[in-house]
Amino acid sequence: MQDTITKPVAAKVTAPGSARLMSLDVFRGATIASMMLVNNPGSWDSIYRQLDHAEWNGWTFTDLIFPFFLWIVGVAIPLSTQKRLDGGASRTNLWLHVVRRAAIIFGLGLFLAFFSFLINGSYGRLGGFGPWFNEICGTIRIPGVLQRIAVCYLIASTIYLTTKLRGQIAWLIGLLAAYWVLMKCVPVPGHGAGVLTPEGNFSAYVDGNVLGRHTWHGAPWDPEGVISTIPAIATCLFGILTGQLLLIKRSVEQKTTWVFVSGILLILAGAVMNIWLPINKNLWTSSYSVFMAGMAMNVFAVFYWLVDVKGCQKWAKPFAIYGMNAITVFMLAGVLGRISIEKKVTDAAGKVVTLKGYLFETCFNAPLSHLGFGPKICSLSWALVYVFGLYLVAYIMCRRKWFVKF
């Protein structure tokens, strides 16, 4: 997992050895902290509406997070690539680096899926290595958050390295249009064309036939499935276009204005597209891709203006620290979360429960409920402590100048 550890060249909190803007690390850190917050409630039965995904169409705060992260990945591509090109690196070598990095990120995602099998005790229940290994190969989830990031990063980087600006725009529009046509025009057996229900949409049909049981909890479709990755690549391309805008020789005031106004236009475009193709995170519809890219540009424009233009950095340092080792934090959270769910303990009543359930009930739910707090506050308190604990890890890594790079 850890390839190199580099040290920052400046005293202030900046990305180690990189041309990246501090505002981008702050935005990345805020995004990954938000991801940890919504992914780790004390109880999934007690969640504030905005801290859960929209049930199907529409969006909540939670639905902003994944496209924001993909958009950030896109922004970083031209910022880092241009520096290497200016240093004499060839596009072929840069592409090979992209392939290697994408393979590592994809492998980390598969590891998280595999990890649950390692600790859930299924080896003994299945009667030895052979049945256990066959069960893993037959059911392990192939798609996932890191897997989608890896695929989008690979394809978007390849487009960036092999095309000019017009070609990148053409690819972006083509991907969004192609997905729209597939979802609205290709008939699904038993349902017909243009059906966007969970069971009848074209994306679910492809996932069921291509992935089989290798989906989220064995469902007939996957939120990070095959076809829905097409517009997710477009989300990454929106970030690439923004990154190139930040590299042009214009004043910071002009750049901020262009990013913000472009974001407003994309939000409006996504809202109009929503009339015909609903904004939907699970399907990652074209309207969702456009709308969320606009939201990301607006939020980033604010961060860019405050942090890099006005120099208001003290408040942002915790987020920057989070953002410097974002995937490391994500992996640690994934491992700890799976251990806490798969590990079983006996509570005071003699009931076998998960380690997470035991800790949440003992340390949060029971005492906070006794003080008069409701179940949603108790659940949120667990999530906030989780976020703070992961921040401490990121902070220690930053103080020791450990920055994991791939």
# chains A, B, ... in the order shown; residues from 1 in each chain; ligands from 1
>>> closest_atom_pairs(of="stretch 75-180 of chain A", to="stretch 327-346 of chain A", cutoff="9 Å", atoms="only C-alpha atoms", output="Markdown table")
| residue | atom | partner | partner_atom | distance |
| --- | --- | --- | --- | --- |
| A:Ile105 | CA | A:Ile327 | CA | 8.6 |
| A:Leu108 | CA | A:Met331 | CA | 7.8 |
| A:Gly109 | CA | A:Met331 | CA | 8.5 |
| A:Leu112 | CA | A:Gly334 | CA | 6.7 |
| A:Phe115 | CA | A:Val335 | CA | 7.5 |
| A:Ser116 | CA | A:Arg338 | CA | 6.1 |
| A:Ile119 | CA | A:Glu342 | CA | 6.6 |
| A:Asn120 | CA | A:Glu342 | CA | 5.2 |
| A:Gly121 | CA | A:Glu342 | CA | 8.4 |
| A:Leu146 | CA | A:Ile327 | CA | 8.7 |
>>> write_last_selection(atoms="N, CA, C and O atoms", output="PDB file, in the first residue's frame")
ATOM      1  N   ILE A 105      -5.188   1.333  -6.447  1.00  0.00           N
ATOM      2  CA  ILE A 105      -6.435   1.795  -5.826  1.00  0.00           C
ATOM      3  C   ILE A 105      -7.537   0.755  -5.999  1.00  0.00           C
ATOM      4  O   ILE A 105      -8.298   0.467  -5.065  1.00  0.00           O
ATOM      5  N   LEU A 108      -6.897  -2.050  -3.608  1.00  0.00           N
ATOM      6  CA  LEU A 108      -7.259  -1.704  -2.234  1.00  0.00           C
ATOM      7  C   LEU A 108      -8.753  -1.868  -2.012  1.00  0.00           C
ATOM      8  O   LEU A 108      -9.191  -2.311  -0.949  1.00  0.00           O
ATOM      9  N   GLY A 109      -9.534  -1.494  -3.037  1.00  0.00           N
ATOM     10  CA  GLY A 109     -10.981  -1.680  -2.929  1.00  0.00           C
ATOM     11  C   GLY A 109     -11.356  -3.142  -2.826  1.00  0.00           C
ATOM     12  O   GLY A 109     -12.228  -3.525  -2.022  1.00  0.00           O
ATOM     13  N   LEU A 112     -10.661  -4.500   0.684  1.00  0.00           N
ATOM     14  CA  LEU A 112     -11.702  -4.218   1.672  1.00  0.00           C
ATOM     15  C   LEU A 112     -12.860  -5.198   1.543  1.00  0.00           C
ATOM     16  O   LEU A 112     -13.429  -5.639   2.549  1.00  0.00           O
ATOM     17  N   PHE A 115     -11.587  -8.464   2.920  1.00  0.00           N
ATOM     18  CA  PHE A 115     -11.245  -8.439   4.336  1.00  0.00           C
ATOM     19  C   PHE A 115     -12.357  -8.985   5.213  1.00  0.00           C
ATOM     20  O   PHE A 115     -12.095  -9.658   6.214  1.00  0.00           O
ATOM     21  N   SER A 116     -13.600  -8.682   4.841  1.00  0.00           N
ATOM     22  CA  SER A 116     -14.720  -9.175   5.646  1.00  0.00           C
ATOM     23  C   SER A 116     -14.723 -10.695   5.731  1.00  0.00           C
ATOM     24  O   SER A 116     -15.055 -11.276   6.770  1.00  0.00           O
ATOM     25  N   ILE A 119     -12.302 -12.154   8.394  1.00  0.00           N
ATOM     26  CA  ILE A 119     -12.520 -11.986   9.833  1.00  0.00           C
ATOM     27  C   ILE A 119     -13.903 -12.413  10.291  1.00  0.00           C
ATOM     28  O   ILE A 119     -14.195 -12.344  11.487  1.00  0.00           O
ATOM     29  N   ASN A 120     -14.766 -12.870   9.380  1.00  0.00           N
ATOM     30  CA  ASN A 120     -16.144 -13.169   9.802  1.00  0.00           C
ATOM     31  C   ASN A 120     -16.344 -14.612  10.257  1.00  0.00           C
ATOM     32  O   ASN A 120     -17.464 -15.024  10.536  1.00  0.00           O
ATOM     33  N   GLY A 121     -15.269 -15.377  10.285  1.00  0.00           N
ATOM     34  CA  GLY A 121     -15.370 -16.744  10.786  1.00  0.00           C
ATOM     35  C   GLY A 121     -16.003 -17.725   9.828  1.00  0.00           C
ATOM     36  O   GLY A 121     -16.345 -18.847  10.207  1.00  0.00           O
ATOM     37  N   LEU A 146     -13.646   2.649  -4.089  1.00  0.00           N
ATOM     38  CA  LEU A 146     -12.277   2.764  -4.584  1.00  0.00           C
ATOM     39  C   LEU A 146     -12.150   2.208  -5.999  1.00  0.00           C
ATOM     40  O   LEU A 146     -11.384   2.742  -6.817  1.00  0.00           O
TER      41      LEU A 146
END
>>> residues_around(residues="A:Leu196", least_positions_apart="5", cutoff="10 Å", atoms="only C-alpha atoms", output="list in words")
Trp56, Asn57, Met183, Lys184, His191, Asn201, Phe202, Ser203, Ala204, Leu277, Pro278, Asn280 and Leu283 of chain A
>>> write_last_selection(atoms="N, CA and C atoms", output="tab-separated table (two decimals), in the first residue's frame")
chain	number	residue	atom	x	y	z
A	56	TRP	N	-34.23	7.20	-3.73
A	56	TRP	CA	-34.05	6.90	-5.16
A	56	TRP	C	-33.77	8.20	-5.90
A	57	ASN	N	-34.79	8.85	-6.46
A	57	ASN	CA	-34.57	10.13	-7.13
A	57	ASN	C	-34.37	11.25	-6.12
A	183	MET	N	-30.02	4.49	-21.14
A	183	MET	CA	-31.02	4.38	-20.08
A	183	MET	C	-32.44	4.61	-20.59
A	184	LYS	N	-32.60	5.44	-21.61
A	184	LYS	CA	-33.94	5.80	-22.06
A	184	LYS	C	-34.43	5.02	-23.28
A	191	HIS	N	-39.52	-5.31	-18.95
A	191	HIS	CA	-39.81	-3.97	-18.47
A	191	HIS	C	-39.99	-2.96	-19.60
A	201	ASN	N	-34.44	-0.75	-14.69
A	201	ASN	CA	-33.57	0.11	-15.48
A	201	ASN	C	-32.46	-0.68	-16.17
A	202	PHE	N	-31.93	-0.10	-17.23
A	202	PHE	CA	-30.93	-0.79	-18.05
A	202	PHE	C	-29.64	-1.05	-17.28
A	203	SER	N	-29.24	-0.13	-16.41
A	203	SER	CA	-28.02	-0.31	-15.62
A	203	SER	C	-28.12	-1.54	-14.72
A	204	ALA	N	-29.27	-1.71	-14.07
A	204	ALA	CA	-29.48	-2.88	-13.22
A	204	ALA	C	-29.46	-4.16	-14.05
A	277	LEU	N	-34.57	13.32	-17.17
A	277	LEU	CA	-33.77	12.23	-16.60
A	277	LEU	C	-33.46	12.60	-15.15
A	278	PRO	N	-34.20	12.02	-14.20
A	278	PRO	CA	-34.11	12.48	-12.80
A	278	PRO	C	-32.70	12.40	-12.22
A	280	ASN	N	-30.25	11.19	-9.80
A	280	ASN	CA	-30.30	9.92	-9.08
A	280	ASN	C	-28.89	9.42	-8.84
A	283	LEU	N	-28.12	5.57	-9.81
A	283	LEU	CA	-27.94	5.37	-11.24
A	283	LEU	C	-26.86	6.30	-11.80
>>> closest_residue(among="A:Leu110, A:Tyr322, A:Val98, A:Ala366", to="A:Phe388", atoms="only C-alpha atoms")
A:Tyr322
>>> closest_residue(among="A:Ala326, A:Ile140, A:Glu253, A:Ala383", to="A:Tyr395", atoms="only C-alpha atoms")
A:Ala326
>>> select_by_dssp(residues="stretch 268-351 of chain A", states="helix (DSSP H, G or I)", output="PyMOL selection string")
chain A and resi 268-273+286-309+317-324+326-342
>>> residues_around(residues="A:Tyr391", least_positions_apart="3", cutoff="10 Å", atoms="only C-alpha atoms", output="PyMOL selection string")
chain A and resi 29+33+318-319+321-323+329+385-388+394-397
>>> write_last_selection(atoms="C-alpha atoms", output="CSV table (one decimal), in the first residue's frame")
chain,number,residue,atom,x,y,z
A,29,GLY,CA,-10.2,16.8,3.5
A,33,ALA,CA,-14.4,13.8,6.7
A,318,PRO,CA,-7.6,20.3,10.0
A,319,PHE,CA,-9.3,19.7,6.7
A,321,ILE,CA,-4.5,17.4,7.2
A,322,TYR,CA,-7.4,15.1,6.5
A,323,GLY,CA,-7.0,15.6,2.8
A,329,VAL,CA,-8.0,7.4,6.2
A,385,VAL,CA,-16.2,10.6,17.5
A,386,TYR,CA,-15.3,8.3,14.6
A,387,VAL,CA,-14.4,11.3,12.5
A,388,PHE,CA,-12.3,12.9,15.2
A,394,ALA,CA,-4.1,11.9,10.1
A,395,TYR,CA,-2.7,14.5,12.4
A,396,ILE,CA,0.0,12.2,13.8
A,397,MET,CA,0.9,11.2,10.2
>>> residues_around(residues="stretch 288-300 of chain A", least_positions_apart="3", cutoff="9 Å", atoms="only C-alpha atoms", output="ChimeraX atom specification")
/A:23-24,27,58-59,63-64,67-69,71-72,176,231-232,234-236,238-239,242,259-271,273-274,277-281,283-285,303-305
>>> atom_distance(atom1="atom CA of A:Asn40", atom2="atom CA of A:Asp222")
20.1 Å
>>> atom_distance(atom1="atom CA of A:Leu70", atom2="atom CA of A:Ser379")
27.6 Å
>>> closest_residue(among="A:Lys405, A:Lys314, A:Arg49, A:Lys83", to="A:Arg101", atoms="only C-alpha atoms")
A:Lys405
>>> atom_distance(atom1="atom CA of A:Ala76", atom2="atom CA of A:Val393")
23.8 Å
>>> residues_around(residues="stretch 205-212 of chain A", least_positions_apart="3", cutoff="12 Å", atoms="only C-alpha atoms", output="CSV table (one decimal) with all heavy atoms, in the first residue's frame")
chain,number,residue,atom,x,y,z
A,137,CYS,N,-14.7,-16.4,-4.1
A,137,CYS,CA,-14.6,-16.2,-5.5
A,137,CYS,C,-16.0,-16.0,-6.1
A,137,CYS,O,-16.2,-15.3,-7.1
A,137,CYS,CB,-13.9,-17.3,-6.2
A,137,CYS,SG,-12.2,-17.4,-5.8
A,138,GLY,N,-17.0,-16.7,-5.5
A,138,GLY,CA,-18.4,-16.6,-6.1
A,138,GLY,C,-19.2,-15.4,-5.7
A,138,GLY,O,-20.1,-15.0,-6.4
A,139,THR,N,-18.8,-14.8,-4.5
A,139,THR,CA,-19.7,-13.7,-4.0
A,139,THR,C,-19.0,-12.4,-3.7
A,139,THR,O,-19.7,-11.4,-3.4
A,139,THR,CB,-20.4,-14.2,-2.7
A,139,THR,OG1,-19.4,-14.5,-1.7
A,139,THR,CG2,-21.2,-15.5,-3.0
A,140,ILE,N,-17.7,-12.4,-3.7
A,140,ILE,CA,-17.0,-11.1,-3.3
A,140,ILE,C,-17.4,-10.0,-4.2
A,140,ILE,O,-17.6,-10.1,-5.4
A,140,ILE,CB,-15.5,-11.3,-3.3
A,140,ILE,CG1,-14.8,-10.1,-2.7
A,140,ILE,CG2,-15.0,-11.6,-4.7
A,140,ILE,CD1,-13.3,-10.3,-2.5
A,141,ARG,N,-17.7,-8.8,-3.6
A,141,ARG,CA,-18.1,-7.7,-4.3
A,141,ARG,C,-17.0,-7.1,-5.2
A,141,ARG,O,-15.9,-6.8,-4.7
A,141,ARG,CB,-18.7,-6.6,-3.4
A,141,ARG,CG,-19.3,-5.4,-4.2
A,141,ARG,CD,-19.7,-4.3,-3.2
A,141,ARG,NE,-20.3,-3.2,-4.0
A,141,ARG,CZ,-20.3,-2.0,-3.6
A,141,ARG,NH1,-19.7,-1.6,-2.4
A,141,ARG,NH2,-20.9,-1.0,-4.3
A,142,ILE,N,-17.2,-7.0,-6.5
A,142,ILE,CA,-16.2,-6.5,-7.4
A,142,ILE,C,-16.3,-5.0,-7.5
A,142,ILE,O,-15.3,-4.3,-7.4
A,142,ILE,CB,-16.3,-7.1,-8.8
A,142,ILE,CG1,-16.0,-8.6,-8.6
A,142,ILE,CG2,-15.3,-6.4,-9.8
A,142,ILE,CD1,-16.1,-9.4,-9.9
A,143,PRO,N,-17.5,-4.4,-7.7
A,143,PRO,CA,-17.5,-2.9,-7.7
A,143,PRO,C,-17.3,-2.3,-6.3
A,143,PRO,O,-17.3,-3.0,-5.3
A,143,PRO,CB,-18.9,-2.6,-8.2
A,143,PRO,CG,-19.5,-3.9,-8.7
A,143,PRO,CD,-18.8,-5.0,-7.9
A,182,LEU,N,-28.7,5.1,-23.6
A,182,LEU,CA,-28.8,3.7,-23.1
A,182,LEU,C,-29.9,3.5,-22.1
A,182,LEU,O,-30.7,2.6,-22.1
A,182,LEU,CB,-27.5,3.3,-22.4
A,182,LEU,CG,-26.3,3.1,-23.4
A,182,LEU,CD1,-25.0,2.9,-22.5
A,182,LEU,CD2,-26.5,1.9,-24.3
A,183,MET,N,-30.0,4.5,-21.1
A,183,MET,CA,-31.0,4.4,-20.1
A,183,MET,C,-32.4,4.6,-20.6
A,183,MET,O,-33.4,4.0,-20.0
A,183,MET,CB,-30.7,5.4,-19.0
A,183,MET,CG,-29.4,5.1,-18.2
A,183,MET,SD,-29.4,3.5,-17.4
A,183,MET,CE,-30.5,3.8,-16.1
A,186,VAL,N,-32.8,1.8,-24.7
A,186,VAL,CA,-32.5,0.4,-24.8
A,186,VAL,C,-33.6,-0.4,-24.0
A,186,VAL,O,-33.7,-0.2,-22.7
A,186,VAL,CB,-31.1,0.0,-24.3
A,186,VAL,CG1,-30.9,-1.5,-24.4
A,186,VAL,CG2,-30.1,0.7,-25.2
A,187,PRO,N,-34.3,-1.3,-24.6
A,187,PRO,CA,-35.4,-2.0,-23.8
A,187,PRO,C,-34.8,-3.1,-22.9
A,187,PRO,O,-33.8,-3.7,-23.2
A,187,PRO,CB,-36.2,-2.7,-24.9
A,187,PRO,CG,-35.3,-2.8,-26.1
A,187,PRO,CD,-34.3,-1.6,-26.0
A,188,VAL,N,-35.4,-3.2,-21.7
A,188,VAL,CA,-35.0,-4.3,-20.8
A,188,VAL,C,-36.0,-5.4,-20.8
A,188,VAL,O,-37.2,-5.1,-20.7
A,188,VAL,CB,-34.9,-3.6,-19.3
A,188,VAL,CG1,-34.6,-4.7,-18.3
A,188,VAL,CG2,-33.8,-2.6,-19.3
A,189,PRO,N,-35.6,-6.6,-20.9
A,189,PRO,CA,-36.6,-7.7,-21.0
A,189,PRO,C,-37.5,-7.7,-19.8
A,189,PRO,O,-37.1,-7.6,-18.6
A,189,PRO,CB,-35.7,-9.0,-21.0
A,189,PRO,CG,-34.4,-8.5,-21.6
A,189,PRO,CD,-34.2,-7.1,-21.2
A,190,GLY,N,-38.8,-7.7,-20.0
A,190,GLY,CA,-39.8,-7.7,-19.0
A,190,GLY,C,-40.2,-6.4,-18.5
A,190,GLY,O,-41.1,-6.2,-17.7
A,191,HIS,N,-39.5,-5.3,-19.0
A,191,HIS,CA,-39.8,-4.0,-18.5
A,191,HIS,C,-40.0,-3.0,-19.6
A,191,HIS,O,-40.7,-2.0,-19.5
A,191,HIS,CB,-38.7,-3.5,-17.5
A,191,HIS,CG,-38.6,-4.3,-16.3
A,191,HIS,ND1,-39.4,-4.1,-15.2
A,191,HIS,CD2,-37.8,-5.3,-16.0
A,191,HIS,CE1,-39.1,-5.0,-14.2
A,191,HIS,NE2,-38.1,-5.7,-14.7
A,192,GLY,N,-39.2,-3.1,-20.7
A,192,GLY,CA,-39.3,-2.2,-21.8
A,192,GLY,C,-38.2,-1.1,-21.7
A,192,GLY,O,-37.3,-1.2,-20.8
A,193,ALA,N,-38.3,-0.1,-22.5
A,193,ALA,CA,-37.2,0.9,-22.6
A,193,ALA,C,-37.6,2.1,-21.7
A,193,ALA,O,-38.8,2.4,-21.5
A,193,ALA,CB,-37.0,1.4,-24.0
A,195,VAL,N,-37.4,2.7,-18.5
A,195,VAL,CA,-37.9,2.4,-17.1
A,195,VAL,C,-36.7,2.7,-16.2
A,195,VAL,O,-35.6,2.2,-16.3
A,195,VAL,CB,-38.4,1.0,-17.0
A,195,VAL,CG1,-38.8,0.7,-15.5
A,195,VAL,CG2,-39.5,0.7,-17.9
A,196,LEU,N,-37.0,3.5,-15.2
A,196,LEU,CA,-35.9,3.9,-14.3
A,196,LEU,C,-36.1,3.5,-12.8
A,196,LEU,O,-35.6,4.1,-11.9
A,196,LEU,CB,-35.7,5.5,-14.3
A,196,LEU,CG,-35.3,6.0,-15.7
A,196,LEU,CD1,-35.2,7.6,-15.6
A,196,LEU,CD2,-34.0,5.4,-16.2
A,197,THR,N,-36.9,2.4,-12.7
A,197,THR,CA,-37.1,1.9,-11.3
A,197,THR,C,-35.9,1.0,-11.0
A,197,THR,O,-35.1,0.7,-11.8
A,197,THR,CB,-38.4,1.0,-11.3
A,197,THR,OG1,-38.2,-0.1,-12.3
A,197,THR,CG2,-39.6,1.8,-11.8
A,198,PRO,N,-35.7,0.7,-9.7
A,198,PRO,CA,-34.6,-0.1,-9.2
A,198,PRO,C,-34.5,-1.4,-10.0
A,198,PRO,O,-33.4,-1.8,-10.3
A,198,PRO,CB,-34.8,-0.3,-7.7
A,198,PRO,CG,-35.6,0.9,-7.3
A,198,PRO,CD,-36.5,1.2,-8.5
A,199,GLU,N,-35.6,-2.0,-10.3
A,199,GLU,CA,-35.5,-3.4,-10.9
A,199,GLU,C,-35.6,-3.3,-12.4
A,199,GLU,O,-35.1,-4.2,-13.1
A,199,GLU,CB,-36.7,-4.2,-10.4
A,199,GLU,CG,-36.8,-4.4,-8.9
A,199,GLU,CD,-37.5,-3.2,-8.2
A,199,GLU,OE1,-38.0,-2.4,-8.9
A,199,GLU,OE2,-37.4,-3.2,-7.0
A,200,GLY,N,-36.1,-2.2,-13.0
A,200,GLY,CA,-36.4,-2.2,-14.4
A,200,GLY,C,-35.4,-1.4,-15.3
A,200,GLY,O,-35.6,-1.4,-16.5
A,201,ASN,N,-34.4,-0.8,-14.7
A,201,ASN,CA,-33.6,0.1,-15.5
A,201,ASN,C,-32.5,-0.7,-16.2
A,201,ASN,O,-32.1,-1.8,-15.8
A,201,ASN,CB,-33.0,1.2,-14.6
A,201,ASN,CG,-32.0,0.7,-13.6
A,201,ASN,OD1,-30.8,0.5,-13.9
A,201,ASN,ND2,-32.5,0.5,-12.3
A,202,PHE,N,-31.9,-0.1,-17.2
A,202,PHE,CA,-30.9,-0.8,-18.0
A,202,PHE,C,-29.6,-1.0,-17.3
A,202,PHE,O,-29.0,-2.1,-17.4
A,202,PHE,CB,-30.6,0.0,-19.3
A,202,PHE,CG,-29.6,-0.6,-20.2
A,202,PHE,CD1,-29.9,-1.7,-20.9
A,202,PHE,CD2,-28.3,0.0,-20.3
A,202,PHE,CE1,-28.9,-2.3,-21.7
A,202,PHE,CE2,-27.4,-0.6,-21.1
A,202,PHE,CZ,-27.7,-1.7,-21.8
A,215,THR,N,-22.1,-8.2,-6.4
A,215,THR,CA,-22.7,-6.8,-6.2
A,215,THR,C,-22.9,-6.5,-4.7
A,215,THR,O,-22.6,-7.4,-3.9
A,215,THR,CB,-24.1,-6.7,-6.9
A,215,THR,OG1,-24.9,-7.8,-6.4
A,215,THR,CG2,-23.9,-6.9,-8.4
A,216,TRP,N,-23.4,-5.3,-4.4
A,216,TRP,CA,-23.6,-4.9,-3.1
A,216,TRP,C,-24.6,-5.8,-2.4
A,216,TRP,O,-25.8,-5.9,-2.7
A,216,TRP,CB,-24.2,-3.5,-3.1
A,216,TRP,CG,-24.5,-2.9,-1.7
A,216,TRP,CD1,-25.7,-2.7,-1.2
A,216,TRP,CD2,-23.5,-2.5,-0.7
A,216,TRP,NE1,-25.6,-2.2,0.1
A,216,TRP,CE2,-24.3,-2.0,0.4
A,216,TRP,CE3,-22.2,-2.5,-0.7
A,216,TRP,CZ2,-23.7,-1.5,1.5
A,216,TRP,CZ3,-21.6,-2.0,0.5
A,216,TRP,CH2,-22.3,-1.5,1.6
A,217,HIS,N,-24.1,-6.6,-1.4
A,217,HIS,CA,-25.0,-7.6,-0.6
A,217,HIS,C,-25.7,-8.5,-1.6
A,217,HIS,O,-26.8,-9.0,-1.2
A,217,HIS,CB,-26.0,-6.8,0.2
A,217,HIS,CG,-25.3,-6.0,1.3
A,217,HIS,ND1,-24.4,-6.5,2.2
A,217,HIS,CD2,-25.5,-4.7,1.7
A,217,HIS,CE1,-24.0,-5.6,3.0
A,217,HIS,NE2,-24.6,-4.5,2.8
A,218,GLY,N,-25.1,-8.8,-2.7
A,218,GLY,CA,-25.7,-9.8,-3.7
A,218,GLY,C,-27.0,-9.3,-4.3
A,218,GLY,O,-27.8,-10.1,-4.9
A,219,ALA,N,-27.3,-8.0,-4.3
A,219,ALA,CA,-28.4,-7.4,-4.9
A,219,ALA,C,-28.3,-7.6,-6.5
A,219,ALA,O,-27.2,-7.8,-7.0
A,219,ALA,CB,-28.6,-5.9,-4.6
A,220,PRO,N,-29.4,-7.4,-7.2
A,220,PRO,CA,-29.4,-7.6,-8.6
A,220,PRO,C,-28.8,-6.4,-9.4
A,220,PRO,O,-28.6,-6.4,-10.6
A,220,PRO,CB,-30.9,-7.7,-9.0
A,220,PRO,CG,-31.6,-7.0,-7.9
A,220,PRO,CD,-30.8,-7.3,-6.7
A,221,TRP,N,-28.4,-5.4,-8.6
A,221,TRP,CA,-27.7,-4.2,-9.2
A,221,TRP,C,-26.7,-3.7,-8.2
A,221,TRP,O,-26.8,-4.0,-7.0
A,221,TRP,CB,-28.7,-3.2,-9.7
A,221,TRP,CG,-29.5,-2.6,-8.6
A,221,TRP,CD1,-30.6,-3.1,-8.0
A,221,TRP,CD2,-29.2,-1.4,-7.9
A,221,TRP,NE1,-31.1,-2.3,-7.0
A,221,TRP,CE2,-30.2,-1.2,-6.9
A,221,TRP,CE3,-28.3,-0.4,-8.0
A,221,TRP,CZ2,-30.3,-0.2,-6.0
A,221,TRP,CZ3,-28.3,0.7,-7.1
A,221,TRP,CH2,-29.3,0.8,-6.1
A,222,ASP,N,-25.8,-2.8,-8.7
A,222,ASP,CA,-24.8,-2.2,-7.7
A,222,ASP,C,-24.8,-0.7,-7.9
A,222,ASP,O,-24.8,-0.2,-9.1
A,222,ASP,CB,-23.5,-2.8,-8.0
A,222,ASP,CG,-22.5,-2.6,-6.9
A,222,ASP,OD1,-22.0,-1.5,-6.7
A,222,ASP,OD2,-22.2,-3.6,-6.1
A,223,PRO,N,-24.7,0.1,-6.8
A,223,PRO,CA,-24.6,1.5,-7.0
A,223,PRO,C,-23.3,2.0,-7.6
A,223,PRO,O,-23.3,3.1,-8.1
A,223,PRO,CB,-24.7,2.0,-5.5
A,223,PRO,CG,-24.3,0.8,-4.7
A,223,PRO,CD,-24.8,-0.4,-5.4
A,224,GLU,N,-22.3,1.2,-7.6
A,224,GLU,CA,-21.1,1.5,-8.4
A,224,GLU,C,-20.9,0.5,-9.5
A,224,GLU,O,-19.9,0.0,-9.8
A,224,GLU,CB,-19.9,1.4,-7.5
A,224,GLU,CG,-19.7,2.6,-6.6
A,224,GLU,CD,-20.6,2.6,-5.4
A,224,GLU,OE1,-20.6,1.6,-4.6
A,224,GLU,OE2,-21.3,3.6,-5.1
A,225,GLY,N,-22.0,0.2,-10.2
A,225,GLY,CA,-22.1,-0.8,-11.3
A,225,GLY,C,-21.4,-0.4,-12.6
A,225,GLY,O,-20.7,0.6,-12.7
A,226,VAL,N,-21.6,-1.2,-13.6
A,226,VAL,CA,-20.9,-1.1,-14.8
A,226,VAL,C,-21.3,0.1,-15.6
A,226,VAL,O,-20.5,1.0,-15.9
A,226,VAL,CB,-21.1,-2.4,-15.7
A,226,VAL,CG1,-20.3,-2.3,-17.0
A,226,VAL,CG2,-20.6,-3.6,-14.9
A,227,ILE,N,-22.6,0.1,-16.0
A,227,ILE,CA,-23.0,1.2,-16.9
A,227,ILE,C,-23.0,2.6,-16.2
A,227,ILE,O,-22.7,3.6,-16.8
A,227,ILE,CB,-24.5,0.9,-17.4
A,227,ILE,CG1,-24.4,-0.4,-18.2
A,227,ILE,CG2,-25.0,2.0,-18.3
A,227,ILE,CD1,-23.6,-0.4,-19.4
A,228,SER,N,-23.4,2.6,-14.9
A,228,SER,CA,-23.4,3.9,-14.2
A,228,SER,C,-22.0,4.5,-14.0
A,228,SER,O,-21.9,5.7,-13.6
A,228,SER,CB,-24.1,3.7,-12.9
A,228,SER,OG,-23.4,2.8,-12.1
A,229,THR,N,-21.0,3.8,-14.4
A,229,THR,CA,-19.6,4.3,-14.3
A,229,THR,C,-19.4,5.3,-15.4
A,229,THR,O,-18.5,6.2,-15.4
A,229,THR,CB,-18.6,3.2,-14.3
A,229,THR,OG1,-18.8,2.3,-13.2
A,229,THR,CG2,-17.2,3.7,-14.3
A,283,LEU,N,-28.1,5.6,-9.8
A,283,LEU,CA,-27.9,5.4,-11.2
A,283,LEU,C,-26.9,6.3,-11.8
A,283,LEU,O,-26.4,6.1,-13.0
A,283,LEU,CB,-29.3,5.6,-12.0
A,283,LEU,CG,-30.4,4.7,-11.7
A,283,LEU,CD1,-31.7,5.1,-12.4
A,283,LEU,CD2,-30.0,3.3,-12.0
>>> closest_residue(among="A:Tyr160, A:Ala113, A:Thr256, A:Lys376", to="A:His214", atoms="only C-alpha atoms")
A:Ala113
>>> closest_residue(among="A:Ile248, A:Ile233, A:Ile169, A:Ala30", to="A:Ser286", atoms="only C-alpha atoms")
A:Ile233
>>> residues_around(residues="A:Ala170", least_positions_apart="3", cutoff="12 Å", atoms="only C-alpha atoms", output="PyMOL selection string")
chain A and resi 159-160+163-167+173-178+234+237-238+241
>>> residues_around(residues="A:Thr62", least_positions_apart="5", cutoff="9 Å", atoms="only C-alpha atoms", output="ChimeraX atom specification")
/A:34-35,38,50-54
